[in-house]
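So this one's work_24.cif, mmCIF, C-alpha atoms:
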```
data_input
#
loop_
_atom_site.label_atom_id
_atom_site.label_comp_id
_atom_site.auth_asym_id
_atom_site.auth_seq_id
_atom_site.Cartn_x
_atom_site.Cartn_y
_atom_site.Cartn_z
CA MET Y 1 -61.35 -23.95 72.47
CA SER Y 2 -64.96 -24.22 71.32
CA LYS Y 3 -66.17 -24.43 67.78
CA HIS Y 4 -68.79 -22.03 66.43
CA ILE Y 5 -70.63 -22.25 63.10
CA VAL Y 6 -71.90 -19.06 61.49
CA VAL Y 7 -74.31 -19.34 58.55
CA GLY Y 8 -74.21 -16.20 56.42
CA ALA Y 9 -71.57 -13.53 55.96
CA GLY Y 10 -73.58 -10.33 55.68
CA PRO Y 11 -73.05 -7.52 58.19
CA VAL Y 12 -74.58 -9.52 61.06
CA GLY Y 13 -72.88 -12.82 60.17
CA THR Y 14 -69.55 -11.07 59.83
CA ALA Y 15 -69.88 -9.26 63.16
CA THR Y 16 -71.03 -12.51 64.80
CA ALA Y 17 -68.10 -14.53 63.44
CA LEU Y 18 -65.55 -12.00 64.63
CA ARG Y 19 -66.68 -12.11 68.26
CA PRO Y 20 -65.74 -15.70 69.15
CA ALA Y 21 -62.76 -15.49 66.77
CA GLU Y 22 -61.36 -12.61 68.78
CA GLN Y 23 -61.73 -14.73 71.91
CA GLU Y 24 -59.49 -17.26 70.16
CA GLU Y 25 -62.34 -19.68 69.59
CA GLN Y 26 -62.64 -21.72 66.42
CA VAL Y 27 -65.13 -20.27 63.92
CA VAL Y 28 -66.40 -21.68 60.64
CA VAL Y 29 -68.38 -19.36 58.37
CA VAL Y 30 -70.68 -21.15 55.93
CA THR Y 31 -71.98 -19.44 52.81
CA ARG Y 32 -72.83 -20.61 49.33
CA SER Y 33 -69.84 -18.80 47.88
CA GLY Y 34 -67.30 -19.37 50.63
CA SER Y 35 -67.12 -15.67 51.47
CA GLY Y 36 -66.67 -14.23 54.93
CA PRO Y 37 -64.39 -12.15 57.08
CA THR Y 38 -60.65 -12.63 56.95
CA HIS Y 39 -59.35 -13.58 60.37
CA GLN Y 40 -56.87 -16.18 61.52
CA GLY Y 41 -59.50 -17.81 63.73
CA ILE Y 42 -62.13 -18.02 61.00
CA GLY Y 43 -62.39 -20.76 58.40
CA ARG Y 44 -64.58 -20.00 55.40
CA THR Y 45 -66.49 -22.82 53.79
CA ALA Y 46 -68.60 -22.91 50.65
CA ALA Y 47 -71.54 -25.17 51.41
CA ASP Y 48 -75.29 -25.36 51.07
CA ALA Y 49 -76.55 -24.72 54.59
CA SER Y 50 -79.92 -26.20 53.66
CA SER Y 51 -78.21 -29.56 53.21
CA ALA Y 52 -78.60 -31.61 56.36
CA ALA Y 53 -75.61 -33.74 55.36
CA ALA Y 54 -73.37 -30.73 54.89
CA MET Y 55 -74.44 -29.15 58.16
CA THR Y 56 -74.11 -32.43 60.04
CA GLU Y 57 -70.51 -32.67 59.00
CA LEU Y 58 -69.69 -29.02 59.62
CA ALA Y 59 -71.42 -28.81 62.99
CA ALA Y 60 -69.81 -31.90 64.50
CA GLY Y 61 -68.41 -30.87 67.85
CA ALA Y 62 -69.69 -27.30 67.63
CA VAL Y 63 -71.19 -25.52 70.63
CA ALA Y 64 -73.36 -23.19 68.60
CA ILE Y 65 -74.79 -22.61 65.15
CA TYR Y 66 -75.57 -18.97 64.49
CA ASN Y 67 -78.14 -18.63 61.75
CA CYS Y 68 -77.41 -15.23 60.26
CA ALA Y 69 -78.66 -15.94 56.75
CA ASN Y 70 -80.78 -13.19 55.31
CA PRO Y 71 -81.95 -13.80 51.75
CA ALA Y 72 -82.93 -10.94 49.48
CA TYR Y 73 -86.24 -9.42 50.52
CA HIS Y 74 -88.18 -10.70 47.54
CA ARG Y 75 -86.70 -14.20 47.80
CA TRP Y 76 -87.72 -15.04 51.35
CA PRO Y 77 -90.36 -17.59 50.35
CA SER Y 78 -87.94 -19.56 48.19
CA ASP Y 79 -84.66 -19.05 49.99
CA TRP Y 80 -85.35 -18.73 53.66
CA ARG Y 81 -87.55 -21.64 54.50
CA PRO Y 82 -85.16 -24.48 53.62
CA LEU Y 83 -82.27 -22.94 55.47
CA PRO Y 84 -83.41 -22.62 59.07
CA LYS Y 85 -85.47 -25.76 58.76
CA HIS Y 86 -82.26 -27.71 58.85
CA CYS Y 87 -80.37 -25.26 60.99
CA SER Y 88 -83.01 -25.45 63.66
CA ARG Y 89 -82.64 -29.20 63.68
CA PRO Y 90 -78.98 -29.82 64.27
CA PRO Y 91 -77.56 -33.22 63.44
CA SER Y 92 -78.48 -34.93 66.67
CA VAL Y 93 -82.18 -34.38 66.22
CA ARG Y 94 -82.46 -37.23 63.79
CA VAL Y 95 -80.69 -39.65 66.09
CA ARG Y 96 -82.59 -39.44 69.29
CA PHE Y 97 -80.04 -40.89 71.69
CA LEU Y 98 -77.06 -38.86 70.67
CA PRO Y 99 -76.36 -35.96 73.00
CA ILE Y 100 -77.73 -32.78 71.54
CA ALA Y 101 -74.90 -30.88 70.02
CA ALA Y 102 -74.97 -27.23 69.16
CA VAL Y 103 -77.42 -24.62 70.34
CA THR Y 104 -78.99 -22.95 67.32
CA ALA Y 105 -79.22 -19.18 67.69
CA THR Y 106 -81.22 -17.54 64.93
CA VAL Y 107 -81.34 -13.91 63.94
CA SER Y 108 -84.91 -12.96 63.21
CA HIS Y 109 -87.06 -9.89 62.89
CA LEU Y 110 -90.30 -8.23 63.91
CA TYR Y 111 -92.57 -9.14 61.00
CA GLY Y 112 -94.33 -11.83 63.01
CA TYR Y 113 -95.83 -9.28 65.39
CA GLY Y 114 -97.66 -7.43 62.64
CA PRO Y 115 -98.95 -3.90 63.26
CA VAL Y 116 -99.16 -3.25 67.00
CA SER Y 117 -99.99 -0.22 69.06
CA SER Y 118 -97.36 -0.64 71.75
CA PRO Y 119 -93.59 -1.26 71.87
CA MET Y 120 -92.72 -4.82 70.88
CA THR Y 121 -91.40 -7.23 73.50
CA GLU Y 122 -90.72 -10.96 73.72
CA ASP Y 123 -94.15 -11.49 75.31
CA LEU Y 124 -96.11 -10.15 72.38
CA PRO Y 125 -98.07 -12.81 70.50
CA LEU Y 126 -97.00 -13.62 66.98
CA ALA Y 127 -99.97 -12.41 64.99
CA VAL Y 128 -99.28 -13.80 61.59
CA GLN Y 129 -99.90 -11.21 58.93
CA GLY Y 130 -98.52 -11.24 55.43
CA PRO Y 131 -96.24 -13.60 53.54
CA LYS Y 132 -93.08 -12.70 55.45
CA ALA Y 133 -94.57 -13.56 58.81
CA LEU Y 134 -96.03 -16.72 57.34
CA ILE Y 135 -92.53 -17.84 56.49
CA CYS Y 136 -90.83 -17.11 59.76
CA VAL Y 137 -93.44 -17.63 62.47
CA PRO Y 138 -93.93 -21.34 61.70
CA MET Y 139 -90.16 -21.79 61.67
CA TRP Y 140 -89.91 -20.44 65.19
CA ARG Y 141 -92.91 -22.45 66.39
CA ASP Y 142 -91.44 -25.64 64.93
CA ALA Y 143 -88.10 -24.92 66.54
CA LEU Y 144 -89.73 -24.15 69.86
CA ALA Y 145 -91.77 -27.35 69.75
CA ALA Y 146 -88.64 -29.36 69.06
CA HIS Y 147 -86.92 -27.57 71.91
CA VAL Y 148 -89.72 -28.29 74.35
CA ALA Y 149 -89.64 -31.92 73.25
CA GLY Y 150 -85.96 -31.97 74.15
CA ARG Y 151 -84.75 -32.64 70.64
CA VAL Y 152 -82.87 -29.41 70.06
CA ARG Y 153 -81.82 -26.29 71.92
CA VAL Y 154 -82.81 -23.11 70.21
CA THR Y 155 -82.88 -19.44 70.84
CA GLU Y 156 -83.78 -16.51 68.68
CA VAL Y 157 -82.91 -12.83 68.66
CA ARG Y 158 -85.21 -10.35 67.00
CA GLY Y 159 -84.17 -6.92 65.88
CA SER Y 160 -85.52 -4.05 63.86
CA ASP Y 161 -84.05 -2.49 60.73
CA TYR Y 162 -80.29 -2.66 60.82
CA VAL Y 163 -77.91 0.19 60.95
CA GLY Y 164 -74.16 -0.21 60.89
CA HIS Y 165 -71.27 -0.81 58.58
CA GLY Y 166 -72.48 -2.71 55.53
CA ALA Y 167 -76.19 -2.55 56.40
CA GLN Y 168 -77.57 -1.13 53.21
CA ILE Y 169 -81.32 -1.08 53.35
CA HIS Y 170 -82.37 2.28 54.76
CA LEU Y 171 -79.47 4.15 56.28
CA GLY Y 172 -76.88 3.17 53.72
CA ASP Y 173 -75.61 4.00 50.28
CA ARG Y 174 -78.67 5.95 49.24
CA VAL Y 175 -78.55 8.23 52.25
CA VAL Y 176 -75.17 8.60 53.94
CA PRO Y 177 -72.93 9.73 51.05
CA ARG Y 178 -75.51 12.35 50.08
CA LEU Y 179 -75.79 13.64 53.64
CA LEU Y 180 -72.01 13.86 53.90
CA ALA Y 181 -71.98 15.87 50.69
CA GLY Y 182 -74.62 18.20 52.10
CA ARG Y 183 -77.27 17.12 49.61
CA ASP Y 184 -80.97 16.39 50.11
CA VAL Y 185 -81.94 12.80 50.82
CA THR Y 186 -85.09 10.84 50.08
CA VAL Y 187 -86.20 8.07 52.45
CA THR Y 188 -88.71 5.26 52.12
CA ARG Y 189 -90.35 5.93 55.45
CA SER Y 190 -92.11 8.66 57.26
CA SER Y 191 -89.20 10.82 58.33
CA ASP Y 192 -90.76 12.00 61.58
CA THR Y 193 -92.19 8.72 62.90
CA ARG Y 194 -90.61 7.02 65.90
CA HIS Y 195 -88.68 4.00 64.65
CA THR Y 196 -86.31 1.55 66.29
CA TRP Y 197 -83.06 0.74 64.59
CA THR Y 198 -80.85 -2.16 65.56
CA ALA Y 199 -77.09 -1.83 65.37
CA THR Y 200 -75.52 -4.80 63.60
CA ASP Y 201 -72.84 -5.03 66.28
CA ASP Y 202 -75.51 -5.15 68.98
CA VAL Y 203 -77.41 -8.02 67.40
CA ALA Y 204 -74.14 -9.96 66.98
CA ARG Y 205 -73.18 -9.35 70.58
CA LEU Y 206 -76.54 -10.53 71.91
CA LEU Y 207 -76.67 -13.52 69.58
CA VAL Y 208 -73.32 -14.85 70.76
CA MET Y 209 -74.31 -14.15 74.35
CA VAL Y 210 -77.64 -16.01 74.28
CA ALA Y 211 -76.21 -18.99 72.43
CA VAL Y 212 -73.94 -19.91 75.30
CA ASP Y 213 -76.11 -18.71 78.18
CA GLU Y 214 -78.42 -21.30 79.64
CA ARG Y 215 -80.90 -18.65 80.75
CA ALA Y 216 -81.59 -17.99 77.10
CA TRP Y 217 -82.55 -21.51 76.13
CA GLY Y 218 -83.29 -23.33 79.32
CA ARG Y 219 -83.42 -27.04 79.80
CA PRO Y 220 -85.94 -28.99 77.83
CA GLY Y 221 -88.82 -29.87 80.08
CA THR Y 222 -88.32 -27.13 82.61
CA CYS Y 223 -89.31 -24.36 80.28
CA ARG Y 224 -92.98 -25.27 80.42
CA ALA Y 225 -92.96 -24.74 84.16
CA THR Y 226 -91.52 -21.31 83.77
CA ARG Y 227 -94.05 -18.57 83.58
CA HIS Y 228 -92.41 -16.96 80.63
CA GLY Y 229 -90.86 -20.18 79.42
CA ALA Y 230 -91.70 -19.81 75.79
CA SER Y 231 -90.53 -16.27 75.55
CA ALA Y 232 -87.46 -16.87 77.66
CA ARG Y 233 -85.74 -18.31 74.68
CA LEU Y 234 -86.03 -15.38 72.40
CA TRP Y 235 -84.77 -11.94 72.99
CA ALA Y 236 -85.31 -8.55 71.54
CA THR Y 237 -82.05 -7.16 70.34
CA CYS Y 238 -80.70 -4.21 72.16
CA ALA Y 239 -82.21 -1.47 70.17
CA VAL Y 240 -81.77 2.17 69.54
CA SER Y 241 -85.05 4.01 69.38
CA GLN Y 242 -84.76 7.26 67.61
CA GLU Y 243 -86.72 9.66 65.54
CA SER Y 244 -85.62 8.45 62.16
CA SER Y 245 -83.65 10.43 59.65
CA GLN Y 246 -82.87 13.27 62.00
CA MET S 247 -80.34 20.10 53.16
CA LYS S 248 -83.71 18.37 53.39
CA VAL S 249 -85.06 14.92 54.16
CA LYS S 250 -87.78 13.98 51.69
CA GLU S 251 -89.97 10.90 51.38
CA TYR S 252 -90.79 8.78 48.39
CA PRO S 253 -94.52 9.04 47.69
CA ASP S 254 -96.48 5.77 47.92
CA VAL S 255 -97.37 5.83 44.26
CA LEU S 256 -93.72 6.04 43.27
CA ILE S 257 -92.80 3.09 45.52
CA ARG S 258 -95.53 1.02 43.91
CA ALA S 259 -94.34 2.03 40.46
CA MET S 260 -90.74 1.15 41.31
CA GLY S 261 -91.93 -2.27 42.41
CA LEU S 262 -92.82 -3.03 38.81
CA PHE S 263 -89.15 -2.86 37.91
CA LYS S 264 -87.31 -3.73 41.10
CA PRO S 265 -88.50 -6.85 42.95
CA MET S 266 -87.14 -5.55 46.23
CA MET S 267 -89.31 -2.43 46.06
CA ALA S 268 -92.38 -4.55 45.32
CA GLU S 269 -92.07 -5.90 48.87
CA LEU S 270 -92.49 -2.53 50.53
CA PRO S 271 -96.30 -2.17 50.49
CA GLU S 272 -96.58 -5.32 52.67
CA VAL S 273 -94.51 -3.65 55.36
CA ALA S 274 -95.77 -0.11 54.89
CA TYR S 275 -97.14 -0.03 58.43
CA GLN S 276 -93.57 -0.35 59.71
CA LEU S 277 -92.67 2.83 57.92
CA LYS S 278 -95.71 4.96 58.55
CA GLU S 279 -96.65 4.10 62.12
CA PRO S 280 -94.43 4.15 65.21
CA PHE S 281 -92.33 0.98 65.06
CA VAL S 282 -90.68 0.55 68.42
CA LEU S 283 -88.89 -2.37 70.02
CA ASP S 284 -88.57 -2.73 73.78
CA SER S 285 -85.43 -4.71 74.58
CA LEU S 286 -85.37 -4.08 78.34
CA ALA S 287 -85.83 -7.78 79.22
CA ALA S 288 -82.73 -8.73 77.28
CA GLN S 289 -80.81 -5.75 78.58
CA ARG S 290 -81.59 -6.62 82.19
CA THR S 291 -81.07 -10.36 81.87
CA PHE S 292 -77.75 -10.18 80.10
CA ALA S 293 -76.51 -6.87 81.52
CA VAL S 294 -76.05 -5.25 78.14
CA ALA S 295 -77.12 -1.94 76.70
CA PRO S 296 -77.59 -0.78 73.15
CA THR S 297 -74.76 1.12 71.58
CA PRO S 298 -75.61 4.80 72.00
CA TRP S 299 -77.23 6.21 68.88
CA ASP S 300 -74.55 8.85 68.36
CA ASP S 301 -71.85 6.17 68.46
CA VAL S 302 -73.78 4.05 65.95
CA LEU S 303 -74.06 6.99 63.56
CA ARG S 304 -70.42 7.92 64.05
CA GLY S 305 -69.49 4.36 63.05
CA VAL S 306 -71.67 4.51 59.94
CA ILE S 307 -70.22 7.87 58.90
CA ALA S 308 -66.67 6.68 59.52
CA ALA S 309 -67.30 3.71 57.24
CA TYR S 310 -68.28 6.03 54.41
CA ARG S 311 -65.39 8.48 54.82
#
```
Using structure tokens, write down the structure that the file contains.
Amino acid sequence: MSKHIVVGAGPVGTATALRPAEQEEQVVVVTRSGSGPTHQGIGRTAADASSAAAMTELAAGAVAIYNCANPAYHRWPSDWRPLPKHCSRPPSVRVRFLPIAAVTATVSHLYGYGPVSSPMTEDLPLAVQGPKALICVPMWRDALAAHVAGRVRVTEVRGSDYVGHGAQIHLGDRVVPRLLAGRDVTVTRSSDTRHTWTATDDVARLLVMVAVDERAWGRPGTCRATRHGASARLWATCAVSQESSQ
Amino acid sequence: MKVKEYPDVLIRAMGLFKPMMAELPEVAYQLKEPFVLDSLAAQRTFAVAPTPWDDVLRGVIAAYR
């Protein structure tokens, strides 16, 4: 039975935690408040995931750390940076000769690509634009550099706006109950523009898959020889492309 | 039953009171231009497919009923 650490208990963290738990694996969900899904295979722990000491203790013996933390939109600069900084450097990174422990699989997004004129893929350069990209692009580059140096094993999954149970931002409380009641709805986007949505269950499924699949993170040292080495360790989430709000 | 859009000026005004809304102008391009993700590489490599859109919406609706 393997041990999995899930940071965050929002819709994606919850869906992620349930997957290994239902395979009878051991799961520990880490949040500041100790919240998380109720399941016999899931332990819920209140801890500060930006604390290297706390994560070192929690992640001992784990095969994977799933970083599903997603701070409030307007608090990214203050809340997001400290968290993955430690998560992307699991305990062993500070002690060079210990075997590298868990693979860190991070849930990320598409802000780093900026405005583009074609569909977004893993091969697209990260054109830093705006404060949100400035937060997350360096985090991925740092993690990738540490991976290439053989200090950690990382992978990242990037999705678009979420849709699914508990995903509130666009297709949630402000829209669905009104539609069900047959009332008009108002959306924050152009209602007839092509837009990809990512199902929360799909991002959880892919995240768990890439964390334990060597093709997703490769062996340190060999990835530079691979043509698409750098991009081979991040994956676009299975996405649903749809005319929005139809 | 109609789908309407918040005008830009209203979103900017709401940002004065709600910090979350103040973040929207930075990502306006995601809302106004086509914003499309191609996940074929992941689908092929890991032999997975996205949940069909109708099933996703059925799940969302079920959660609200």
Next item on the list: Quick one: apply the PyMOL selection byres ((chain S) within 7 of (chain Y)) to the file and drop the selected residues here as a ChimeraX atom specification.
Entry: /S:247-252,265-266,269,272,275,277-285,288-289,295-297,299,302,305-306,309-310
Gap from CA of Ala62 (chain Y) to CA of His4 (chain Y) - Å, one decimal
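Between CA of Ala62 (chain Y) and CA of His4 (chain Y) the gap is 5.5 Å.
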* To do: Record the distance separating CA of Gly13 (chain Y) and CA of Asp300 (chain S), expressed in Å with one decimal.
  =>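 Calculated distance between CA of Gly13 (chain Y) and CA of Asp300 (chain S) is 23.2 Å.
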**Message:** Rounded to one decimal, what separation in Å do you get between CA of Thr104 (chain Y) and CA of Ala149 (chain Y)?
**Reply:**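 These two atoms are separated by 15.1 Å.
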Restricting to only C-alpha atoms, whichever of Y:Thr56, Y:Val152, Y:Pro125, Y:Leu207 is closest to Arg19 (chain Y) is Y:Leu207
For the file shown, what are the residues hit by the PyMOL selection byres ((chain Y and resi 154) around 6), laid out as a compact mmCIF listing (two decimals) with C-alpha atoms, keeping the file's coordinate frame?
```txt
# COMPACT_ATOMS: atom_id res chain seq x y z
CA VAL Y 103 -77.42 -24.62 70.34
CA THR Y 104 -78.99 -22.95 67.32
CA ALA Y 105 -79.22 -19.18 67.69
CA ARG Y 153 -81.82 -26.29 71.92
CA THR Y 155 -82.88 -19.44 70.84
```
**Asked** For this file, the PyMOL selection byres ((chain Y and resi 47) around 12) selects which residues, as a list in words?
**Response** Val6, Val7, Gly8, Val28, Val29, Val30, Thr31, Arg32, Ser33, Gly34, Ser35, Arg44, Thr45, Ala46, Asp48, Ala49, Ser50, Ser51, Ala52, Ala53, Ala54, Met55, Thr56, Glu57, Leu58 and Leu83 of chain Y
